[in-house]
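Trainee: See coords08.cif below, with mmCIF, C-alpha atoms, pLDDT in the B column; chains and numbers go by the auth columns.
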```cif
data_model
#
loop_
_atom_site.group_PDB
_atom_site.id
_atom_site.type_symbol
_atom_site.label_atom_id
_atom_site.label_comp_id
_atom_site.label_asym_id
_atom_site.label_seq_id
_atom_site.Cartn_x
_atom_site.Cartn_y
_atom_site.Cartn_z
_atom_site.B_iso_or_equiv
_atom_site.auth_seq_id
_atom_site.auth_asym_id
ATOM 1 C CA MET A 1 104.337 115.283 117.865 74.00 1167 A
ATOM 2 C CA LYS A 2 102.448 112.359 119.363 77.00 1168 A
ATOM 3 C CA LYS A 3 104.083 110.862 122.434 79.00 1169 A
ATOM 4 C CA LEU A 4 104.761 107.125 122.262 83.00 1170 A
ATOM 5 C CA LYS A 5 103.855 104.638 124.933 84.00 1171 A
ATOM 6 C CA ASN A 6 106.944 103.855 127.024 89.00 1172 A
ATOM 7 C CA GLU A 7 108.893 106.613 125.260 91.00 1173 A
ATOM 8 C CA ALA A 8 111.399 107.009 128.113 93.00 1174 A
ATOM 9 C CA GLU A 9 112.184 103.288 128.112 94.00 1175 A
ATOM 10 C CA LEU A 10 112.375 103.247 124.316 95.00 1176 A
ATOM 11 C CA LEU A 11 114.855 106.131 124.465 95.00 1177 A
ATOM 12 C CA LYS A 12 117.040 104.232 126.949 94.00 1178 A
ATOM 13 C CA LYS A 13 116.970 101.195 124.658 94.00 1179 A
ATOM 14 C CA ALA A 14 117.783 103.415 121.650 95.00 1180 A
ATOM 15 C CA ILE A 15 120.822 104.836 123.431 94.00 1181 A
ATOM 16 C CA VAL A 16 122.128 101.359 124.277 93.00 1182 A
ATOM 17 C CA ILE A 17 121.559 100.016 120.752 94.00 1183 A
ATOM 18 C CA GLY A 18 122.829 103.265 119.208 93.00 1184 A
ATOM 19 C CA GLU A 19 126.056 103.104 121.213 92.00 1185 A
ATOM 20 C CA GLY A 20 126.674 99.584 119.923 93.00 1186 A
ATOM 21 C CA TYR A 21 125.984 100.748 116.372 94.00 1187 A
ATOM 22 C CA ALA A 22 128.362 103.697 116.799 93.00 1188 A
ATOM 23 C CA LYS A 23 131.128 101.405 118.081 92.00 1189 A
ATOM 24 C CA ASN A 24 130.638 99.110 115.068 93.00 1190 A
ATOM 25 C CA ARG A 25 131.016 102.168 112.847 91.00 1191 A
ATOM 26 C CA GLY A 26 134.385 102.971 114.456 90.00 1192 A
ATOM 27 C CA TYR A 27 133.329 105.518 117.061 88.00 1193 A
ATOM 28 C CA LYS A 28 135.416 105.161 120.221 85.00 1194 A
ATOM 29 C CA GLY A 29 132.314 105.205 122.396 79.00 1195 A
ATOM 30 C CA PHE A 30 130.952 107.400 125.101 83.00 1196 A
ATOM 31 C CA SER A 31 132.583 107.845 128.457 83.00 1197 A
ATOM 32 C CA THR A 32 130.594 107.582 131.646 81.00 1198 A
ATOM 33 C CA THR A 33 130.963 111.333 132.099 84.00 1199 A
ATOM 34 C CA ASN A 34 129.172 112.204 128.850 85.00 1200 A
ATOM 35 C CA ALA A 35 125.815 113.842 129.451 89.00 1201 A
ATOM 36 C CA ALA A 36 122.731 112.093 128.121 89.00 1202 A
ATOM 37 C CA LYS A 37 121.908 115.063 125.912 93.00 1203 A
ATOM 38 C CA ASP A 38 125.325 114.783 124.243 92.00 1204 A
ATOM 39 C CA LYS A 39 124.793 111.071 123.608 92.00 1205 A
ATOM 40 C CA ILE A 40 121.337 111.736 122.171 95.00 1206 A
ATOM 41 C CA GLU A 41 122.562 114.445 119.832 95.00 1207 A
ATOM 42 C CA SER A 42 125.571 112.403 118.690 94.00 1208 A
ATOM 43 C CA LEU A 43 123.475 109.321 118.003 95.00 1209 A
ATOM 44 C CA TYR A 44 120.834 111.377 116.207 97.00 1210 A
ATOM 45 C CA ARG A 45 123.439 112.973 113.952 95.00 1211 A
ATOM 46 C CA LEU A 46 125.109 109.610 113.238 95.00 1212 A
ATOM 47 C CA LEU A 47 121.797 108.004 112.269 96.00 1213 A
ATOM 48 C CA VAL A 48 120.895 110.967 110.066 97.00 1214 A
ATOM 49 C CA ASN A 49 124.334 110.850 108.452 96.00 1215 A
ATOM 50 C CA ASP A 50 123.919 107.128 107.724 96.00 1216 A
ATOM 51 C CA LYS A 51 120.405 107.818 106.393 96.00 1217 A
ATOM 52 C CA LEU A 52 118.764 105.511 108.941 95.00 1218 A
ATOM 53 C CA ILE A 53 116.397 108.242 110.099 96.00 1219 A
ATOM 54 C CA GLN A 54 115.021 111.269 108.337 95.00 1220 A
ATOM 55 C CA PRO A 55 116.480 114.553 109.606 96.00 1221 A
ATOM 56 C CA LEU A 56 114.400 117.086 111.449 96.00 1222 A
ATOM 57 C CA PRO A 57 113.937 120.528 109.909 95.00 1223 A
ATOM 58 C CA LYS A 58 116.747 122.855 111.031 93.00 1224 A
ATOM 59 C CA ASP A 59 114.351 125.056 113.021 94.00 1225 A
ATOM 60 C CA ALA A 60 112.938 122.009 114.879 91.00 1226 A
ATOM 61 C CA GLU A 61 116.240 120.447 115.970 93.00 1227 A
ATOM 62 C CA ASP A 62 115.797 120.477 119.719 95.00 1228 A
ATOM 63 C CA LEU A 63 116.505 117.849 122.345 95.00 1229 A
ATOM 64 C CA ALA A 64 112.877 116.766 122.749 94.00 1230 A
ATOM 65 C CA SER A 65 112.485 116.194 119.001 95.00 1231 A
ATOM 66 C CA MET A 66 115.756 114.254 118.829 96.00 1232 A
ATOM 67 C CA LYS A 67 114.625 112.056 121.728 95.00 1233 A
ATOM 68 C CA HIS A 68 111.350 111.407 119.938 95.00 1234 A
ATOM 69 C CA LYS A 69 113.133 110.529 116.675 95.00 1235 A
ATOM 70 C CA LEU A 70 115.421 108.060 118.463 96.00 1236 A
ATOM 71 C CA SER A 71 112.422 106.502 120.208 95.00 1237 A
ATOM 72 C CA LEU A 72 110.627 106.106 116.872 94.00 1238 A
ATOM 73 C CA TRP A 73 113.745 104.610 115.313 95.00 1239 A
ATOM 74 C CA ILE A 74 114.146 101.939 117.981 95.00 1240 A
ATOM 75 C CA ALA A 75 110.409 101.202 118.039 93.00 1241 A
ATOM 76 C CA LYS A 76 110.639 100.315 114.340 93.00 1242 A
ATOM 77 C CA GLN A 77 113.684 98.089 114.965 93.00 1243 A
ATOM 78 C CA LEU A 78 112.115 96.033 117.749 91.00 1244 A
ATOM 79 C CA PRO A 79 110.022 92.944 117.045 92.00 1245 A
ATOM 80 C CA ALA A 80 106.259 93.489 117.148 89.00 1246 A
ATOM 81 C CA ASP A 81 105.841 91.402 120.305 92.00 1247 A
ATOM 82 C CA HIS A 82 108.494 93.282 122.327 88.00 1248 A
ATOM 83 C CA PRO A 83 107.200 94.346 125.785 90.00 1249 A
ATOM 84 C CA LEU A 84 108.101 98.020 125.222 87.00 1250 A
ATOM 85 C CA LEU A 85 105.697 98.198 122.294 86.00 1251 A
ATOM 86 C CA LYS A 86 102.678 97.001 124.252 82.00 1252 A
#
```
When written as structure tokens, how does the structure in this file appear?
Mentor:
Amino acid sequence: MKKLKNEAELLKKAIVIGEGYAKNRGYKGFSTTNAAKDKIESLYRLLVNDKLIQPLPKDAEDLASMKHKLSLWIAKQLPADHPLLK
């Protein structure tokens, strides 16, 4: 898997946008005590369930791959001139 430029910042943005999406879908939201890995996995599964991202193969479902998928997802949602994409 090819690492994206600014992948860590893209992941942070994906979590923020993903949380808003989850709330709009009726999810109560994450508490401040939820670990980042739990948020990442929950958002990944929600986006896969809603068919917004393609699921990873079952044997490749690890945290690093989920982070990468969320980063790719948000990179495609941002406008082309967004600073995180440069």
Trainee: Taking the file as shown, find all residues satisfying the PyMOL selection byres ((chain A and resi 1171-1176) around 9) and write them as JSON, numbers by chain.
Mentor: {"A": [1169, 1170, 1177, 1178, 1179, 1180, 1181, 1233, 1234, 1236, 1237, 1238, 1240, 1241, 1250, 1251, 1252]}
Trainee: With C-alpha atoms kept, could you save the residues just selected as a PDB file, keeping the file's coordinate frame?
Mentor:
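Result file follows (out36.pdb):
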```pdb
ATOM      1  CA  LYS A1169     104.083 110.862 122.434  1.00 79.00           C
ATOM      2  CA  LEU A1170     104.761 107.125 122.262  1.00 83.00           C
ATOM      3  CA  LEU A1177     114.855 106.131 124.465  1.00 95.00           C
ATOM      4  CA  LYS A1178     117.040 104.232 126.949  1.00 94.00           C
ATOM      5  CA  LYS A1179     116.970 101.195 124.658  1.00 94.00           C
ATOM      6  CA  ALA A1180     117.783 103.415 121.650  1.00 95.00           C
ATOM      7  CA  ILE A1181     120.822 104.836 123.431  1.00 94.00           C
ATOM      8  CA  LYS A1233     114.625 112.056 121.728  1.00 95.00           C
ATOM      9  CA  HIS A1234     111.350 111.407 119.938  1.00 95.00           C
ATOM     10  CA  LEU A1236     115.421 108.060 118.463  1.00 96.00           C
ATOM     11  CA  SER A1237     112.422 106.502 120.208  1.00 95.00           C
ATOM     12  CA  LEU A1238     110.627 106.106 116.872  1.00 94.00           C
ATOM     13  CA  ILE A1240     114.146 101.939 117.981  1.00 95.00           C
ATOM     14  CA  ALA A1241     110.409 101.202 118.039  1.00 93.00           C
ATOM     15  CA  LEU A1250     108.101  98.020 125.222  1.00 87.00           C
ATOM     16  CA  LEU A1251     105.697  98.198 122.294  1.00 86.00           C
ATOM     17  CA  LYS A1252     102.678  97.001 124.252  1.00 82.00           C
TER      18      LYS A1252
END
```
Trainee: Taking all atoms of stretch 1171-1183 of chain A that appear in the file, build a box with edges along x, y and z, extend it by 4 Å on every side, and state its centre and edge lengths in Å to one decimal, as AutoDock Vina command-line options.
Mentor:
```
--center_x 113.0 --center_y 103.5 --center_z 124.4 --size_x 26.3 --size_y 15.0 --size_z 15.4
```
Trainee: Using all atoms listed in the file, pick whichever of A:Gly1195, A:Lys1168, A:Ile1206, A:Ile1183 has the shortest atom-to-atom distance to A:Gln1243.
Mentor: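 Nearest to A:Gln1243: A:Ile1183.
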Trainee: Which one of A:Leu1244, A:Trp1239, A:Glu1207, A:Tyr1187 sits closest to A:Gln1220 if you count all atoms listed in the file?
Mentor: A:Trp1239
Trainee: Which residue gives the smallest distance to A:Val1214 among A:Gly1186, A:Lys1194, A:Met1232, A:Thr1199, with all atoms listed in the file counted?
Mentor: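 Ranked by minimum distance to A:Val1214, first place goes to A:Met1232.
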Trainee: Which is closer to A:Met1167 than all the others in A:Ala1230, A:Pro1221, A:Pro1249, A:Lys1242, using all atoms listed in the file?
Mentor: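 Smallest separation from A:Met1167 among the options: A:Ala1230.
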Trainee: For atom CA of A:Ser1231 and atom CA of A:Phe1196, determine how far apart the two atoms are, in Å to one decimal place.
Mentor: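 Rounded to one decimal, the two atoms are 21.3 Å apart.
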Trainee: Atom CA of A:Asn1190 to atom CA of A:Ala1226: how many Å, to one decimal?
Mentor: 28.9 Å
Trainee: Atom CA of A:Ala1246 and atom CA of A:Lys1217 are how many Å apart?
Mentor: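 For atom CA of A:Ala1246 relative to atom CA of A:Lys1217, the distance reads 22.8 Å.
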Trainee: Which one of A:Val1182, A:Lys1224, A:His1248, A:Lys1235 sits closest to A:Ala1202 if you count all atoms listed in the file?
Mentor: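 Result for the nearest residue to A:Ala1202: A:Val1182.
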Trainee: Using only C-alpha atoms, which residue out of A:Lys1205, A:Leu1222, A:Pro1245, A:Asp1228 lies closest to A:Gly1184?
Mentor: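 That would be A:Lys1205, the residue with the smallest distance to A:Gly1184.
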